[in-house]
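Shown next: final_17.cif, given as mmCIF, C-alpha atoms.
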data_coords
loop_
_atom_site.group_PDB
_atom_site.id
_atom_site.type_symbol
_atom_site.label_atom_id
_atom_site.label_comp_id
_atom_site.auth_asym_id
_atom_site.auth_seq_id
_atom_site.Cartn_x
_atom_site.Cartn_y
_atom_site.Cartn_z
ATOM 1 C CA MET H 1 -50.775 80.502 -95.150
ATOM 2 C CA ALA H 2 -53.946 78.533 -94.439
ATOM 3 C CA SER H 3 -54.754 76.933 -91.124
ATOM 4 C CA ILE H 4 -57.578 74.776 -89.805
ATOM 5 C CA SER H 5 -60.595 76.774 -88.666
ATOM 6 C CA GLU H 6 -63.315 75.231 -86.538
ATOM 7 C CA PHE H 7 -66.863 76.427 -85.995
ATOM 8 C CA GLU H 8 -69.524 74.943 -83.718
ATOM 9 C CA SER H 9 -73.249 75.450 -83.285
ATOM 10 C CA ARG H 10 -75.006 75.581 -79.982
ATOM 11 C CA THR H 11 -76.561 72.309 -78.813
ATOM 12 C CA GLY H 12 -80.085 72.006 -80.151
ATOM 13 C CA GLN H 13 -83.013 69.993 -78.802
ATOM 14 C CA ILE H 14 -84.863 67.899 -81.414
ATOM 15 C CA ALA H 15 -88.118 65.966 -81.046
ATOM 16 C CA CYS H 16 -87.021 62.435 -81.969
ATOM 17 C CA THR H 17 -84.960 59.531 -80.736
ATOM 18 C CA GLN H 18 -81.237 59.334 -81.384
ATOM 19 C CA LYS H 19 -81.859 56.433 -83.783
ATOM 20 C CA GLU H 20 -84.496 58.387 -85.765
ATOM 21 C CA ALA H 21 -82.188 61.408 -86.048
ATOM 22 C CA PHE H 22 -79.281 59.239 -87.180
ATOM 23 C CA GLY H 23 -81.438 57.535 -89.831
ATOM 24 C CA PHE H 24 -82.680 60.881 -91.077
ATOM 25 C CA PHE H 25 -79.228 62.496 -91.219
ATOM 26 C CA THR H 26 -77.603 59.536 -92.976
ATOM 27 C CA ASP H 27 -79.878 60.040 -95.991
ATOM 28 C CA ILE H 28 -78.375 63.224 -97.382
ATOM 29 C CA ARG H 29 -81.499 63.892 -99.462
ATOM 30 C CA ASN H 30 -83.046 65.163 -96.213
ATOM 31 C CA PHE H 31 -80.386 67.832 -95.681
ATOM 32 C CA ASN H 32 -82.149 70.488 -97.775
ATOM 33 C CA ARG H 33 -85.127 70.434 -95.373
ATOM 34 C CA PHE H 34 -83.042 72.540 -93.008
ATOM 35 C CA ILE H 35 -81.807 75.085 -95.561
ATOM 36 C CA GLN H 36 -83.777 78.296 -95.794
ATOM 37 C CA ALA H 37 -85.605 78.759 -99.114
ATOM 38 C CA GLY H 38 -83.637 80.811 -101.613
ATOM 39 C CA THR H 39 -80.302 80.124 -99.913
ATOM 40 C CA ILE H 40 -79.175 77.466 -102.378
ATOM 41 C CA LEU H 41 -79.763 76.747 -106.067
ATOM 42 C CA ASN H 42 -79.597 73.644 -108.276
ATOM 43 C CA TRP H 43 -79.962 71.062 -105.501
ATOM 44 C CA HIS H 44 -79.129 67.511 -106.676
ATOM 45 C CA SER H 45 -78.854 64.563 -104.313
ATOM 46 C CA ASP H 46 -78.915 60.849 -103.739
ATOM 47 C CA ALA H 47 -78.810 59.017 -100.407
ATOM 48 C CA GLY H 48 -75.056 59.511 -99.936
ATOM 49 C CA SER H 49 -74.147 62.791 -101.649
ATOM 50 C CA CYS H 50 -75.435 66.126 -102.885
ATOM 51 C CA SER H 51 -74.376 69.180 -104.833
ATOM 52 C CA PHE H 52 -75.801 72.680 -104.886
ATOM 53 C CA GLU H 53 -74.829 76.261 -105.619
ATOM 54 C CA VAL H 54 -74.420 79.072 -103.118
ATOM 55 C CA SER H 55 -74.164 82.728 -104.077
ATOM 56 C CA GLN H 56 -70.559 83.965 -103.943
ATOM 57 C CA LEU H 57 -69.303 80.443 -103.213
ATOM 58 C CA GLY H 58 -70.279 78.607 -106.359
ATOM 59 C CA LYS H 59 -70.824 74.872 -106.514
ATOM 60 C CA VAL H 60 -70.624 72.880 -103.285
ATOM 61 C CA ASN H 61 -70.280 69.086 -103.225
ATOM 62 C CA LEU H 62 -71.069 67.150 -100.050
ATOM 63 C CA LYS H 63 -70.963 63.426 -99.255
ATOM 64 C CA ILE H 64 -71.196 61.181 -96.232
ATOM 65 C CA LYS H 65 -67.692 60.329 -95.055
ATOM 66 C CA GLU H 66 -68.271 58.464 -91.764
ATOM 67 C CA LYS H 67 -71.201 57.073 -89.796
ATOM 68 C CA ASP H 68 -70.887 56.000 -86.164
ATOM 69 C CA PRO H 69 -74.260 54.538 -85.151
ATOM 70 C CA PHE H 70 -76.117 56.310 -83.672
ATOM 71 C CA GLY H 71 -74.162 59.266 -82.389
ATOM 72 C CA ARG H 72 -72.109 60.810 -85.188
ATOM 73 C CA VAL H 73 -72.300 61.552 -88.909
ATOM 74 C CA VAL H 74 -69.408 63.202 -90.764
ATOM 75 C CA PHE H 75 -69.862 64.825 -94.154
ATOM 76 C CA SER H 76 -66.950 65.892 -96.336
ATOM 77 C CA GLY H 77 -67.259 68.517 -98.978
ATOM 78 C CA ASP H 78 -65.576 70.970 -101.226
ATOM 79 C CA ALA H 79 -66.360 74.443 -102.468
ATOM 80 C CA LEU H 80 -64.721 76.611 -105.066
ATOM 81 C CA GLN H 81 -63.395 73.294 -106.448
ATOM 82 C CA GLN H 82 -60.593 73.382 -103.888
ATOM 83 C CA ALA H 83 -61.633 74.414 -100.381
ATOM 84 C CA GLU H 84 -62.264 71.168 -98.513
ATOM 85 C CA PHE H 85 -64.289 71.030 -95.319
ATOM 86 C CA THR H 86 -66.060 68.618 -92.995
ATOM 87 C CA ILE H 87 -69.373 68.961 -91.215
ATOM 88 C CA THR H 88 -69.907 66.770 -88.158
ATOM 89 C CA LEU H 89 -73.273 66.091 -86.536
ATOM 90 C CA LEU H 90 -73.162 64.835 -82.963
ATOM 91 C CA ILE H 91 -76.396 63.244 -81.728
ATOM 92 C CA ASN H 92 -77.133 62.330 -78.105
ATOM 93 C CA GLU H 93 -80.238 60.772 -76.596
ATOM 94 C CA ASN H 94 -82.007 63.133 -74.217
ATOM 95 C CA GLY H 95 -85.115 61.367 -73.017
ATOM 96 C CA ILE H 96 -87.692 59.065 -74.560
ATOM 97 C CA GLU H 97 -88.552 61.105 -77.680
ATOM 98 C CA SER H 98 -85.882 63.756 -77.481
ATOM 99 C CA SER H 99 -82.283 64.142 -78.586
ATOM 100 C CA LYS H 100 -79.588 66.760 -78.563
ATOM 101 C CA VAL H 101 -77.706 67.663 -81.723
ATOM 102 C CA LYS H 102 -74.643 69.797 -82.320
ATOM 103 C CA VAL H 103 -73.113 70.712 -85.681
ATOM 104 C CA GLY H 104 -69.440 71.418 -86.212
ATOM 105 C CA MET H 105 -67.592 72.593 -89.288
ATOM 106 C CA ARG H 106 -63.878 72.306 -89.915
ATOM 107 C CA ALA H 107 -62.093 73.846 -92.901
ATOM 108 C CA GLU H 108 -58.685 74.961 -94.005
ATOM 109 C CA MET H 109 -58.814 78.742 -94.467
ATOM 110 C CA ASN H 110 -56.324 81.511 -94.879
ATOM 111 C CA PRO H 111 -56.722 84.346 -92.330
ATOM 112 C CA ILE H 112 -58.325 86.769 -94.780
ATOM 113 C CA PHE H 113 -60.926 84.244 -95.967
ATOM 114 C CA LYS H 114 -61.662 83.324 -92.348
ATOM 115 C CA MET H 115 -62.345 86.977 -91.508
ATOM 116 C CA VAL H 116 -64.852 87.159 -94.355
ATOM 117 C CA ALA H 117 -66.415 83.712 -93.881
ATOM 118 C CA ALA H 118 -66.574 83.321 -90.087
ATOM 119 C CA ARG H 119 -69.764 85.289 -89.435
ATOM 120 C CA PRO H 120 -71.755 83.764 -92.360
ATOM 121 C CA ILE H 121 -70.697 80.265 -91.246
ATOM 122 C CA GLU H 122 -71.734 80.976 -87.646
ATOM 123 C CA LEU H 123 -75.109 82.312 -88.836
ATOM 124 C CA PHE H 124 -75.580 79.274 -91.100
ATOM 125 C CA LEU H 125 -74.928 76.870 -88.202
ATOM 126 C CA GLU H 126 -77.346 78.778 -85.947
ATOM 127 C CA LYS H 127 -80.091 78.717 -88.607
ATOM 128 C CA LEU H 128 -79.439 75.030 -89.263
ATOM 129 C CA ILE H 129 -79.918 74.134 -85.578
ATOM 130 C CA GLY H 130 -83.006 76.360 -85.392
ATOM 131 C CA GLU H 131 -84.590 74.595 -88.379
ATOM 132 C CA MET H 132 -83.777 71.180 -86.877
ATOM 133 C CA GLU H 133 -85.476 72.195 -83.623
ATOM 134 C CA LYS H 134 -88.640 73.249 -85.497
ATOM 135 C CA PHE H 135 -88.759 70.149 -87.720
ATOM 136 C CA GLU H 136 -91.484 67.587 -86.899
ATOM 137 C CA GLY H 137 -91.107 64.807 -89.496
ATOM 138 C CA TRP H 138 -88.158 62.869 -88.068
ATOM 139 C CA GLY H 139 -89.657 59.383 -88.010
ATOM 140 C CA LYS H 140 -91.243 59.619 -91.455
ATOM 141 C CA ASP H 141 -89.824 58.623 -94.836
ATOM 142 C CA ASN H 142 -88.824 62.090 -95.976
ATOM 143 C CA ALA H 143 -86.374 61.429 -98.808
#
Would it be possible to restate this file's structure as structure tokens?
Amino acid sequence: MASISEFESRTGQIACTQKEAFGFFTDIRNFNRFIQAGTILNWHSDAGSCSFEVSQLGKVNLKIKEKDPFGRVVFSGDALQQAEFTITLLINENGIESSKVKVGMRAEMNPIFKMVAARPIELFLEKLIGEMEKFEGWGKDNA
């Protein structure tokens, strides 16, 4: 029997305003800037949705589900053509040109799948936050 599993990144510090981060995150074409090279294949996107392939997971579809200016963006997705999940970005102002961001993932998983997937998901969220912290092009047109 499947149950809801939740995963959360640490809070990261990014070098932009809350408004700049929100604008950047709400154009899903920018999402691949934070994915390590070679991690995904066949990336296709427009401003509101994307699809890509992940080894051992197959095709993943992702779209913007909710936007709460300027503090929250929720993406909904599916993998394996059935496993639905959400990814939530929480953005908080933290100074003049600085913000905090936290990424959460919520998915329905059976206990065995959770045992297999938990560590890779946690590593993915940590790498995602790390890449966001290193990124320097927040205020630019990056799509």
Could you list, as a PyMOL selection string, every residue within 6 Å of range 70-85 of chain H, counting all atoms listed in the file and ignoring same-chain residues fewer than 5 positions away? chain H and resi 19+22+60-65+90-91+106-107
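All residues that come within 10 Å of the coordinates (-61.8, 72.5, -89.9), counting only C-alpha atoms, are given as Ser3, Ile4, Ser5, Glu6, Phe7, Glu84, Phe85, Thr86, Ile87, Gly104, Met105, Arg106, Ala107, Glu108 and Met109 of chain H.
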Determine the residue set returned by the PyMOL selection byres ((chain H and resi 16) around 6) for the present structure, and present it as a PyMOL selection string. chain H and resi 14-15+17+97-98
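Here CA of Trp43 in chain H is placed at a distance of 28.9 Å from CA of Asn92 in chain H.
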What's around range 114-129 of chain H at 7 Å? Count only C-alpha atoms, leave out sequence neighbours fewer than 6 positions away in its own chain, and write the answer as a VMD selection string. chain H and resid 7 9 12 34 to 35 103
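CA of Met132 in chain H is found 10.9 Å from CA of Thr11 in chain H.
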Mind pulling up the distance from CA of Leu89 in chain H to CA of Phe25 in chain H? 8.4 Å
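The residue that comes closest to Leu57 in chain H, out of H:Phe24, H:Phe113, H:Trp138, H:Phe31 and on the basis of only C-alpha atoms, is H:Phe113.
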Identify which of the residues H:Glu20, H:Glu66, H:Ser55, H:Gly130 lies closest to Ile96 in chain H, counting all atoms listed in the file when measuring atom-to-atom distances. H:Glu20
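Proximity to Phe52 in chain H was assessed for H:Asn110, H:Asn94, H:Thr39, H:Ser99 counting only C-alpha atoms; the smallest distance is recorded for H:Thr39.
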